[in-house]
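Trainee: Input structure: work.tsv, which contains TSV, C-alpha atoms and all ligand atoms.
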```tsv
chain	number	residue	atom	x	y	z
A	1	MET	CA	116.11	108.26	90.29
A	2	LYS	CA	113.55	105.94	88.75
A	3	LYS	CA	110.76	105.09	91.17
A	4	LEU	CA	109.69	101.49	91.67
A	5	GLN	CA	106.39	100.67	89.99
A	6	VAL	CA	103.58	99.42	92.21
A	7	ALA	CA	100.36	97.58	91.40
A	8	ILE	CA	97.60	97.47	94.00
A	9	PHE	CA	94.97	94.70	94.04
A	10	ILE	CA	91.63	95.53	95.64
A	11	SER	CA	88.14	94.11	96.05
A	12	GLY	CA	86.19	96.80	97.88
A	13	ARG	CA	86.24	100.10	99.76
A	14	GLY	CA	89.83	101.05	98.94
A	15	SER	CA	90.80	103.11	101.98
A	16	ASN	CA	94.24	101.48	102.11
A	17	LEU	CA	94.55	102.01	98.36
A	18	GLU	CA	93.91	105.70	98.96
A	19	SER	CA	96.54	105.95	101.68
A	20	LEU	CA	99.10	104.14	99.51
A	21	ILE	CA	98.36	106.45	96.56
A	22	GLN	CA	98.54	109.62	98.68
A	23	SER	CA	101.85	108.63	100.25
A	24	SER	CA	103.29	107.77	96.83
A	25	PHE	CA	102.74	111.40	95.82
A	26	LYS	CA	105.26	112.54	98.44
A	27	LYS	CA	108.49	113.80	96.99
A	28	LYS	CA	110.63	111.32	98.90
A	29	SER	CA	108.54	108.29	97.93
A	30	LEU	CA	110.52	105.47	96.34
A	31	VAL	CA	107.42	104.19	94.56
A	32	GLU	CA	104.79	105.17	92.05
A	33	VAL	CA	101.35	103.55	91.83
A	34	GLN	CA	101.13	102.54	88.21
A	35	THR	CA	98.32	99.98	88.20
A	36	VAL	CA	95.18	99.17	90.17
A	37	ILE	CA	93.41	95.86	89.60
A	38	SER	CA	90.11	94.86	91.15
A	39	ASN	CA	88.46	91.44	91.02
A	40	ASN	CA	85.17	93.22	91.69
A	41	PHE	CA	83.95	95.68	89.08
A	42	LYS	CA	81.77	97.40	91.70
A	43	ALA	CA	84.66	98.11	94.08
A	44	LYS	CA	84.57	101.67	95.44
A	45	GLY	CA	88.36	101.65	95.22
A	46	LEU	CA	88.12	101.81	91.42
A	47	VAL	CA	86.58	105.27	91.76
A	48	ILE	CA	89.43	106.32	94.07
A	49	ALA	CA	91.96	105.07	91.52
A	50	LYS	CA	90.29	107.05	88.73
A	51	LYS	CA	90.05	110.20	90.84
A	52	ASN	CA	93.78	110.00	91.49
A	53	LYS	CA	94.55	109.46	87.80
A	54	ILE	CA	96.28	106.12	88.20
A	55	PRO	CA	97.49	105.32	84.65
A	56	SER	CA	96.25	101.71	84.42
A	57	ILE	CA	93.04	100.54	86.06
A	58	TYR	CA	91.57	97.11	85.39
A	59	SER	CA	88.70	95.00	86.58
A	60	ILE	CA	89.34	91.26	86.21
A	61	PRO	CA	86.87	88.60	87.36
A	62	ASN	CA	88.16	85.72	89.50
A	63	LYS	CA	88.21	83.14	86.71
A	64	ASN	CA	91.82	82.90	85.46
A	65	PHE	CA	92.55	86.09	87.39
A	66	GLU	CA	96.26	85.40	87.79
A	67	LYS	CA	96.87	84.63	84.13
A	68	LYS	CA	95.02	87.74	83.00
A	69	ALA	CA	96.61	89.98	85.63
A	70	MET	CA	100.13	88.88	84.59
A	71	LYS	CA	99.66	90.61	81.24
A	72	TYR	CA	99.30	93.94	83.01
A	73	LEU	CA	102.20	93.48	85.42
A	74	LYS	CA	105.13	93.49	82.99
A	75	ASN	CA	106.70	96.67	84.34
A	76	VAL	CA	105.58	96.26	87.93
A	77	ASP	CA	108.12	95.84	90.75
A	78	ILE	CA	105.87	95.39	93.79
A	79	ILE	CA	102.27	94.23	94.27
A	80	CYS	CA	100.27	95.42	97.30
A	81	LEU	CA	97.12	93.55	98.28
A	82	ALA	CA	94.73	96.00	99.92
A	83	GLY	CA	91.48	94.36	100.96
A	84	PHE	CA	91.88	91.89	98.10
A	85	MET	CA	89.45	89.02	98.76
A	86	LYS	CA	90.92	86.27	96.62
A	87	VAL	CA	93.55	83.70	97.47
A	88	LEU	CA	96.17	83.92	94.72
A	89	ASP	CA	97.38	80.63	93.26
A	90	SER	CA	100.74	79.24	94.35
A	91	LYS	CA	102.37	79.75	90.95
A	92	PHE	CA	101.62	83.46	91.12
A	93	VAL	CA	102.72	83.73	94.75
A	94	THR	CA	106.02	81.98	94.00
A	95	LYS	CA	106.69	84.17	90.99
A	96	TRP	CA	106.19	87.32	93.08
A	97	ARG	CA	108.01	86.13	96.19
A	98	SER	CA	109.52	89.08	98.13
A	99	ARG	CA	107.55	91.51	95.93
A	100	LEU	CA	104.01	90.66	97.02
A	101	ILE	CA	102.72	92.15	100.28
A	102	ASN	CA	99.44	92.30	102.18
A	103	ILE	CA	97.90	94.12	105.12
A	104	HIS	CA	95.93	92.21	107.71
A	105	PRO	CA	93.84	93.78	110.50
A	106	SER	CA	95.41	91.91	113.45
A	107	TYR	CA	98.70	91.72	115.27
A	108	LEU	CA	99.87	88.56	113.49
A	109	PRO	CA	100.32	85.67	114.13
A	110	ALA	CA	97.11	86.14	116.15
A	111	PHE	CA	93.69	86.16	114.46
A	112	LYS	CA	94.51	85.10	110.91
A	113	GLY	CA	91.82	84.85	108.25
A	114	LEU	CA	88.43	86.50	107.93
A	115	LYS	CA	86.82	88.86	110.49
A	116	ALA	CA	90.06	89.35	112.40
A	117	GLN	CA	88.67	92.26	114.44
A	118	ASP	CA	85.65	90.17	115.43
A	119	GLN	CA	87.93	87.29	116.41
A	120	ALA	CA	89.92	89.62	118.68
A	121	ILE	CA	86.76	90.95	120.39
A	122	LYS	CA	85.32	87.44	120.85
A	123	ALA	CA	88.61	86.22	122.33
A	124	LYS	CA	88.51	89.14	124.81
A	125	ALA	CA	92.07	89.98	123.80
A	126	SER	CA	93.64	93.03	125.43
A	127	TYR	CA	95.11	94.17	122.15
A	128	SER	CA	95.08	93.51	118.42
A	129	GLY	CA	96.45	95.69	115.64
A	130	CYS	CA	97.54	95.44	112.05
A	131	SER	CA	100.39	93.77	110.19
A	132	VAL	CA	101.95	94.16	106.79
A	133	HIS	CA	103.52	90.90	105.66
A	134	TYR	CA	104.96	89.19	102.61
A	135	VAL	CA	102.50	86.81	100.99
A	136	ASN	CA	103.34	83.13	100.93
A	137	SER	CA	101.23	80.10	100.09
A	138	GLN	CA	99.51	80.03	103.51
A	139	ILE	CA	96.94	82.66	104.50
A	140	ASP	CA	98.32	85.58	106.56
A	141	SER	CA	101.47	83.61	107.36
A	142	GLY	CA	104.33	85.23	105.42
A	143	GLU	CA	107.22	87.11	107.01
A	144	ILE	CA	106.10	90.22	108.88
A	145	ILE	CA	107.41	93.55	107.57
A	146	LEU	CA	105.82	96.00	109.99
A	147	GLN	CA	103.05	95.85	112.57
A	148	LYS	CA	101.35	98.08	115.09
A	149	LYS	CA	99.44	97.21	118.26
A	150	VAL	CA	96.04	98.69	119.11
A	151	GLN	CA	94.65	98.43	122.67
A	152	ILE	CA	91.22	96.86	123.11
A	153	LEU	CA	89.17	98.56	125.82
A	154	MET	CA	86.21	97.04	127.71
A	155	LYS	CA	83.85	99.33	125.81
A	156	ASP	CA	85.18	98.31	122.36
A	157	ASN	CA	83.14	96.29	119.92
A	158	THR	CA	84.01	94.98	116.46
A	159	GLU	CA	83.07	98.28	114.84
A	160	SER	CA	85.03	100.56	117.18
A	161	LEU	CA	88.05	98.26	117.08
A	162	SER	CA	87.94	98.11	113.26
A	163	LYS	CA	87.95	101.93	113.15
A	164	LYS	CA	90.94	102.19	115.48
A	165	ILE	CA	92.85	99.53	113.56
A	166	LEU	CA	92.08	101.17	110.20
A	167	ILE	CA	93.64	104.46	111.36
A	168	GLU	CA	96.86	102.55	112.05
A	169	GLU	CA	96.63	100.57	108.79
A	170	HIS	CA	96.70	103.82	106.85
A	171	LYS	CA	100.01	104.77	108.50
A	172	VAL	CA	101.66	101.37	108.59
A	173	TYR	CA	101.03	100.22	105.01
A	174	PRO	CA	102.72	103.18	103.26
A	175	ARG	CA	105.70	102.90	105.62
A	176	ALA	CA	106.02	99.16	105.01
A	177	LEU	CA	105.85	99.72	101.26
A	178	GLN	CA	108.73	102.20	101.43
A	179	MET	CA	110.73	99.65	103.45
A	180	VAL	CA	110.15	96.94	100.85
A	181	ALA	CA	111.07	99.34	98.04
A	182	LYS	CA	114.25	100.36	99.84
A	183	LYS	CA	115.23	96.74	100.32
A	184	LEU	CA	114.64	95.90	96.65
A	185	LEU	CA	116.57	98.95	95.50
A	186	SER	CA	119.51	98.18	97.76
A	187	SER	CA	119.63	94.55	96.65
A	188	GLN	CA	119.32	95.74	93.03
A	189	LYS	CA	116.53	93.23	92.45
A	190	ILE	CA	114.88	95.57	90.03
A	191	ARG	CA	113.30	94.27	86.88
A	201	LIG	C1	91.44	96.28	105.73
A	201	LIG	O1	91.00	96.19	107.06
A	201	LIG	C2	92.58	95.35	105.47
A	201	LIG	O2	93.41	95.16	106.57
A	201	LIG	C3	91.88	94.04	105.14
A	201	LIG	O3	90.75	94.43	104.42
A	201	LIG	C4	90.37	95.76	104.76
A	201	LIG	C5	90.36	96.53	103.48
A	201	LIG	O4	89.88	97.84	103.64
A	201	LIG	N1	92.78	93.14	104.45
A	201	LIG	P1	90.06	98.92	102.49
A	201	LIG	O5	89.41	98.33	101.24
A	201	LIG	O6	91.51	99.16	102.30
A	201	LIG	O7	89.33	100.12	102.97
```
Reformat the file's structure so that it appears as structure tokens.

Mentor:
Amino acid sequence: MKKLQVAIFISGRGSNLESLIQSSFKKKSLVEVQTVISNNFKAKGLVIAKKNKIPSIYSIPNKNFEKKAMKYLKNVDIICLAGFMKVLDSKFVTKWRSRLINIHPSYLPAFKGLKAQDQAIKAKASYSGCSVHYVNSQIDSGEIILQKKVQILMKDNTESLSKKILIEEHKVYPRALQMVAKKLLSSQKIR
């Protein structure tokens, strides 16, 4: 069976990119990572993409990012945002509705936006977590696909909480991607 083609957008470290790539290598995976696009040419994730022999790797600056990226997405079925630090324009988001997903380091709808782990620590919350959600025109507000809670202990700080959340991110994101792929395949919404 033909695997769904995935593009991953990154801006930095790329640890979620790595976990998505590794899980796509599993025999049962419904997806294949075809393309990696970074809006930051210095992103460490670009090295990870190269090391894993992803067929198409691009670096596109923010100016006219969406227009330029579209040229490379012709055969792509799903886009995963993985630490991608740019708000995509509404035209792009609408075009990719139900095929564009993101991971956020909090148990949404709590702690949207930047420094989510820091927000959770400052709020003295008893838990936070991570969420994979569809992207809509508002930040971190689209329909939730999968999420996982992480307890916050008295001794936790932003750094220790971020580490605990990241461990869960690396499990949750690949699972959520398979769920989205399964849904698209069963609804036959394949390009
Ligand atoms: C992750 O914590 C993710 O939830 C957030 O940005 C961070 C990206 O980390 N959106 P990495 O680049 O995947 O290592």

Trainee: Could you jot down the atom CA of Ile78 of chain A to atom CA of Gly129 of chain A separation for me, Å, one decimal place?

Mentor: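 Interatomic distance here is 23.8 Å.
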
Trainee: Do you know which residues are at most 10 Å from Ala123 of chain A counting all atoms listed in the file, after dropping those on the same chain fewer than 5 positions away, and could you put them as a short mmCIF file (atom, residue, chain, number, x, y, z; two decimals) with C-alpha atoms, in the coordinates of the input?

Mentor:
```
data_model
loop_
_atom_site.label_atom_id
_atom_site.label_comp_id
_atom_site.auth_asym_id
_atom_site.auth_seq_id
_atom_site.Cartn_x
_atom_site.Cartn_y
_atom_site.Cartn_z
CA PHE A 111 93.69 86.16 114.46
CA GLN A 117 88.67 92.26 114.44
CA ASP A 118 85.65 90.17 115.43
#
```

Trainee: Which residue is closest to ligand LIG 201 (chain A)? Choose from A:Ser98, A:Asn52, A:Asn16, A:Gln5 and count all atoms listed in the file.

Mentor: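 Ranked by minimum distance to ligand LIG 201 (chain A), first place goes to A:Asn16.
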
Trainee: Using all atoms listed in the file for the distances, tell me which of A:Lys155, A:Arg99, A:Lys163, A:Lys115 is nearest to Ala176 of chain A.

Mentor: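 Closest to Ala176 of chain A, using all atoms listed in the file: A:Arg99.
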
Trainee: So that I can see what lies close to Ile21 of chain A, please list as a PDB file with C-alpha atoms, in the coordinates of the input the residues with an atom at most 9 Å from it, counting all atoms listed in the file and leaving out residues fewer than 5 positions away in the same chain.

Mentor:
```
ATOM      1  CA  ASN A  16      94.240 101.480 102.110  1.00  0.00           C
ATOM      2  CA  GLU A  32     104.790 105.170  92.050  1.00  0.00           C
ATOM      3  CA  VAL A  33     101.350 103.550  91.830  1.00  0.00           C
ATOM      4  CA  ALA A  49      91.960 105.070  91.520  1.00  0.00           C
ATOM      5  CA  ASN A  52      93.780 110.000  91.490  1.00  0.00           C
ATOM      6  CA  ILE A  54      96.280 106.120  88.200  1.00  0.00           C
ATOM      7  CA  PRO A 174     102.720 103.180 103.260  1.00  0.00           C
TER       8      PRO A 174
END
```

Trainee: For a quick check of understanding, using only C-alpha atoms and all ligand atoms, which of A:Ile144, A:Met179, A:Leu166, A:Leu4 has the smallest distance to ligand LIG 201 (chain A)?

Mentor: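 Using only C-alpha atoms and all ligand atoms, ligand LIG 201 (chain A) sits closest to A:Leu166.
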
Trainee: Go through A:Asn157, A:Ser23, A:Asn102, A:Ser186 one by one, measure the shortest atom-to-atom distance of each to Ser131 of chain A using all atoms listed in the file, and give the residue with the smallest value.

Mentor: A:Asn102

Trainee: Give me the residues near Tyr173 of chain A as a PyMOL selection string, where near means some atom within 12 Å (using all atoms listed in the file) and where sequence neighbours in that chain fewer than 4 positions away do not count.

Mentor: chain A and resi 8+15-24+80-83+101-105+130-134+144-148+165-169+177-180

Trainee: Export, as a short mmCIF file (atom, residue, chain, number, x, y, z; two decimals), keeping the file's coordinate frame, the selected residues with C-alpha atoms.

Mentor:
```cif
data_model
loop_
_atom_site.label_atom_id
_atom_site.label_comp_id
_atom_site.auth_asym_id
_atom_site.auth_seq_id
_atom_site.Cartn_x
_atom_site.Cartn_y
_atom_site.Cartn_z
CA ILE A 8 97.60 97.47 94.00
CA SER A 15 90.80 103.11 101.98
CA ASN A 16 94.24 101.48 102.11
CA LEU A 17 94.55 102.01 98.36
CA GLU A 18 93.91 105.70 98.96
CA SER A 19 96.54 105.95 101.68
CA LEU A 20 99.10 104.14 99.51
CA ILE A 21 98.36 106.45 96.56
CA GLN A 22 98.54 109.62 98.68
CA SER A 23 101.85 108.63 100.25
CA SER A 24 103.29 107.77 96.83
CA CYS A 80 100.27 95.42 97.30
CA LEU A 81 97.12 93.55 98.28
CA ALA A 82 94.73 96.00 99.92
CA GLY A 83 91.48 94.36 100.96
CA ILE A 101 102.72 92.15 100.28
CA ASN A 102 99.44 92.30 102.18
CA ILE A 103 97.90 94.12 105.12
CA HIS A 104 95.93 92.21 107.71
CA PRO A 105 93.84 93.78 110.50
CA CYS A 130 97.54 95.44 112.05
CA SER A 131 100.39 93.77 110.19
CA VAL A 132 101.95 94.16 106.79
CA HIS A 133 103.52 90.90 105.66
CA TYR A 134 104.96 89.19 102.61
CA ILE A 144 106.10 90.22 108.88
CA ILE A 145 107.41 93.55 107.57
CA LEU A 146 105.82 96.00 109.99
CA GLN A 147 103.05 95.85 112.57
CA LYS A 148 101.35 98.08 115.09
CA ILE A 165 92.85 99.53 113.56
CA LEU A 166 92.08 101.17 110.20
CA ILE A 167 93.64 104.46 111.36
CA GLU A 168 96.86 102.55 112.05
CA GLU A 169 96.63 100.57 108.79
CA LEU A 177 105.85 99.72 101.26
CA GLN A 178 108.73 102.20 101.43
CA MET A 179 110.73 99.65 103.45
CA VAL A 180 110.15 96.94 100.85
#
```

Trainee: One decimal, in Å: what's the spacing between atom CA of Val135 of chain A and atom CA of Thr94 of chain A?

Mentor: 9.2 Å

Trainee: Smallest atom-to-atom distance to Val76 of chain A: which of A:Lys183, A:His170, A:Lys149, A:Lys3, using all atoms listed in the file?

Mentor: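 Nearest candidate to Val76 of chain A out of A:Lys183, A:His170, A:Lys149, A:Lys3: A:Lys3.
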
Trainee: In Å, rounded to a single decimal, give me how far atom CA of Lys112 of chain A is from atom CA of Lys124 of chain A.

Mentor: 15.7 Å

Trainee: I'd like the neighbourhood of Asn39 of chain A as number ranges by chain, where a residue qualifies if any of its atoms comes within 10 Å (using all atoms listed in the file), though same-chain residues fewer than 5 positions away should be ignored.

Mentor: A: 9-12, 58-63, 65, 69, 84-86

Trainee: Could you check which of A:Gln119, A:Ser128, A:Gln188, A:Ser106 is closest to ligand LIG 201 (chain A), using all atoms listed in the file?

Mentor: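 So, comparing all the options, the nearest one is A:Ser106.
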
Trainee: If you count only C-alpha atoms, which residues fall within 8 Å of Asp89 of chain A, apart from same-chain ones fewer than 3 positions away, as a VMD selection string?

Mentor: chain A and resid 66 92 to 93 137

Trainee: Kindly output segment 28-39 of chain A as a PDB file, in the coordinates of the input, after building all heavy atoms.

Mentor:
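Dumped everything to out.pdb:
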```
ATOM      1  N   LYS A  28     109.627 112.309  98.528  1.00  0.00           N
ATOM      2  CA  LYS A  28     110.630 111.320  98.900  1.00  0.00           C
ATOM      3  C   LYS A  28     110.227 109.874  98.622  1.00  0.00           C
ATOM      4  O   LYS A  28     111.006 108.951  98.876  1.00  0.00           O
ATOM      5  CB  LYS A  28     110.955 111.457 100.384  1.00  0.00           C
ATOM      6  CG  LYS A  28     111.889 112.608 100.697  1.00  0.00           C
ATOM      7  CD  LYS A  28     112.358 112.501 102.121  1.00  0.00           C
ATOM      8  CE  LYS A  28     113.343 113.616 102.431  1.00  0.00           C
ATOM      9  NZ  LYS A  28     113.491 113.779 103.883  1.00  0.00           N
ATOM     10  N   SER A  29     109.012 109.666  98.135  1.00  0.00           N
ATOM     11  CA  SER A  29     108.540 108.290  97.930  1.00  0.00           C
ATOM     12  C   SER A  29     109.429 107.550  96.926  1.00  0.00           C
ATOM     13  O   SER A  29     109.817 108.101  95.891  1.00  0.00           O
ATOM     14  CB  SER A  29     107.103 108.319  97.410  1.00  0.00           C
ATOM     15  OG  SER A  29     106.741 107.034  96.977  1.00  0.00           O
ATOM     16  N   LEU A  30     109.702 106.290  97.243  1.00  0.00           N
ATOM     17  CA  LEU A  30     110.520 105.470  96.340  1.00  0.00           C
ATOM     18  C   LEU A  30     109.648 104.753  95.317  1.00  0.00           C
ATOM     19  O   LEU A  30     110.151 104.022  94.475  1.00  0.00           O
ATOM     20  CB  LEU A  30     111.306 104.433  97.154  1.00  0.00           C
ATOM     21  CG  LEU A  30     112.234 104.976  98.238  1.00  0.00           C
ATOM     22  CD1 LEU A  30     112.795 103.837  99.083  1.00  0.00           C
ATOM     23  CD2 LEU A  30     113.380 105.765  97.594  1.00  0.00           C
ATOM     24  N   VAL A  31     108.327 104.933  95.450  1.00  0.00           N
ATOM     25  CA  VAL A  31     107.420 104.190  94.560  1.00  0.00           C
ATOM     26  C   VAL A  31     106.414 105.092  93.865  1.00  0.00           C
ATOM     27  O   VAL A  31     106.156 106.214  94.291  1.00  0.00           O
ATOM     28  CB  VAL A  31     106.632 103.113  95.347  1.00  0.00           C
ATOM     29  CG1 VAL A  31     107.558 102.162  96.090  1.00  0.00           C
ATOM     30  CG2 VAL A  31     105.618 103.740  96.310  1.00  0.00           C
ATOM     31  N   GLU A  32     105.829 104.514  92.841  1.00  0.00           N
ATOM     32  CA  GLU A  32     104.790 105.170  92.050  1.00  0.00           C
ATOM     33  C   GLU A  32     103.679 104.134  91.843  1.00  0.00           C
ATOM     34  O   GLU A  32     103.994 102.990  91.492  1.00  0.00           O
ATOM     35  CB  GLU A  32     105.420 105.474  90.690  1.00  0.00           C
ATOM     36  CG  GLU A  32     104.916 106.677  89.975  1.00  0.00           C
ATOM     37  CD  GLU A  32     105.915 107.039  88.878  1.00  0.00           C
ATOM     38  OE1 GLU A  32     106.058 106.218  87.927  1.00  0.00           O
ATOM     39  OE2 GLU A  32     106.553 108.087  88.976  1.00  0.00           O
ATOM     40  N   VAL A  33     102.439 104.511  92.072  1.00  0.00           N
ATOM     41  CA  VAL A  33     101.350 103.550  91.830  1.00  0.00           C
ATOM     42  C   VAL A  33     100.982 103.619  90.360  1.00  0.00           C
ATOM     43  O   VAL A  33     100.439 104.609  89.886  1.00  0.00           O
ATOM     44  CB  VAL A  33     100.126 103.807  92.732  1.00  0.00           C
ATOM     45  CG1 VAL A  33      99.037 102.781  92.457  1.00  0.00           C
ATOM     46  CG2 VAL A  33     100.529 103.792  94.207  1.00  0.00           C
ATOM     47  N   GLN A  34     101.303 102.552  89.656  1.00  0.00           N
ATOM     48  CA  GLN A  34     101.130 102.540  88.210  1.00  0.00           C
ATOM     49  C   GLN A  34      99.809 101.871  87.816  1.00  0.00           C
ATOM     50  O   GLN A  34      99.155 102.246  86.850  1.00  0.00           O
ATOM     51  CB  GLN A  34     102.303 101.732  87.628  1.00  0.00           C
ATOM     52  CG  GLN A  34     102.277 101.514  86.156  1.00  0.00           C
ATOM     53  CD  GLN A  34     103.013 100.244  85.792  1.00  0.00           C
ATOM     54  OE1 GLN A  34     102.461  99.144  85.861  1.00  0.00           O
ATOM     55  NE2 GLN A  34     104.271 100.387  85.398  1.00  0.00           N
ATOM     56  N   THR A  35      99.433 100.838  88.588  1.00  0.00           N
ATOM     57  CA  THR A  35      98.320  99.980  88.200  1.00  0.00           C
ATOM     58  C   THR A  35      97.430  99.635  89.393  1.00  0.00           C
ATOM     59  O   THR A  35      97.939  99.369  90.477  1.00  0.00           O
ATOM     60  CB  THR A  35      98.887  98.653  87.611  1.00  0.00           C
ATOM     61  OG1 THR A  35      99.752  98.978  86.527  1.00  0.00           O
ATOM     62  CG2 THR A  35      97.810  97.715  87.128  1.00  0.00           C
ATOM     63  N   VAL A  36      96.125  99.657  89.159  1.00  0.00           N
ATOM     64  CA  VAL A  36      95.180  99.170  90.170  1.00  0.00           C
ATOM     65  C   VAL A  36      94.331  98.098  89.504  1.00  0.00           C
ATOM     66  O   VAL A  36      93.817  98.294  88.398  1.00  0.00           O
ATOM     67  CB  VAL A  36      94.295 100.308  90.718  1.00  0.00           C
ATOM     68  CG1 VAL A  36      93.155  99.759  91.568  1.00  0.00           C
ATOM     69  CG2 VAL A  36      95.135 101.284  91.547  1.00  0.00           C
ATOM     70  N   ILE A  37      94.234  96.939  90.155  1.00  0.00           N
ATOM     71  CA  ILE A  37      93.410  95.860  89.600  1.00  0.00           C
ATOM     72  C   ILE A  37      92.410  95.414  90.662  1.00  0.00           C
ATOM     73  O   ILE A  37      92.772  95.153  91.809  1.00  0.00           O
ATOM     74  CB  ILE A  37      94.276  94.642  89.167  1.00  0.00           C
ATOM     75  CG1 ILE A  37      95.324  95.063  88.130  1.00  0.00           C
ATOM     76  CG2 ILE A  37      93.384  93.527  88.601  1.00  0.00           C
ATOM     77  CD1 ILE A  37      96.220  93.934  87.624  1.00  0.00           C
ATOM     78  N   SER A  38      91.148  95.340  90.247  1.00  0.00           N
ATOM     79  CA  SER A  38      90.110  94.860  91.150  1.00  0.00           C
ATOM     80  C   SER A  38      89.512  93.582  90.600  1.00  0.00           C
ATOM     81  O   SER A  38      89.350  93.445  89.382  1.00  0.00           O
ATOM     82  CB  SER A  38      89.015  95.924  91.278  1.00  0.00           C
ATOM     83  OG  SER A  38      87.948  95.415  92.060  1.00  0.00           O
ATOM     84  N   ASN A  39      89.181  92.649  91.484  1.00  0.00           N
ATOM     85  CA  ASN A  39      88.460  91.440  91.020  1.00  0.00           C
ATOM     86  C   ASN A  39      86.955  91.642  91.176  1.00  0.00           C
ATOM     87  O   ASN A  39      86.189  90.715  91.000  1.00  0.00           O
ATOM     88  CB  ASN A  39      88.937  90.196  91.772  1.00  0.00           C
ATOM     89  CG  ASN A  39      88.593  90.246  93.247  1.00  0.00           C
ATOM     90  OD1 ASN A  39      88.382  91.321  93.818  1.00  0.00           O
ATOM     91  ND2 ASN A  39      88.555  89.094  93.880  1.00  0.00           N
TER      92      ASN A  39
END
```
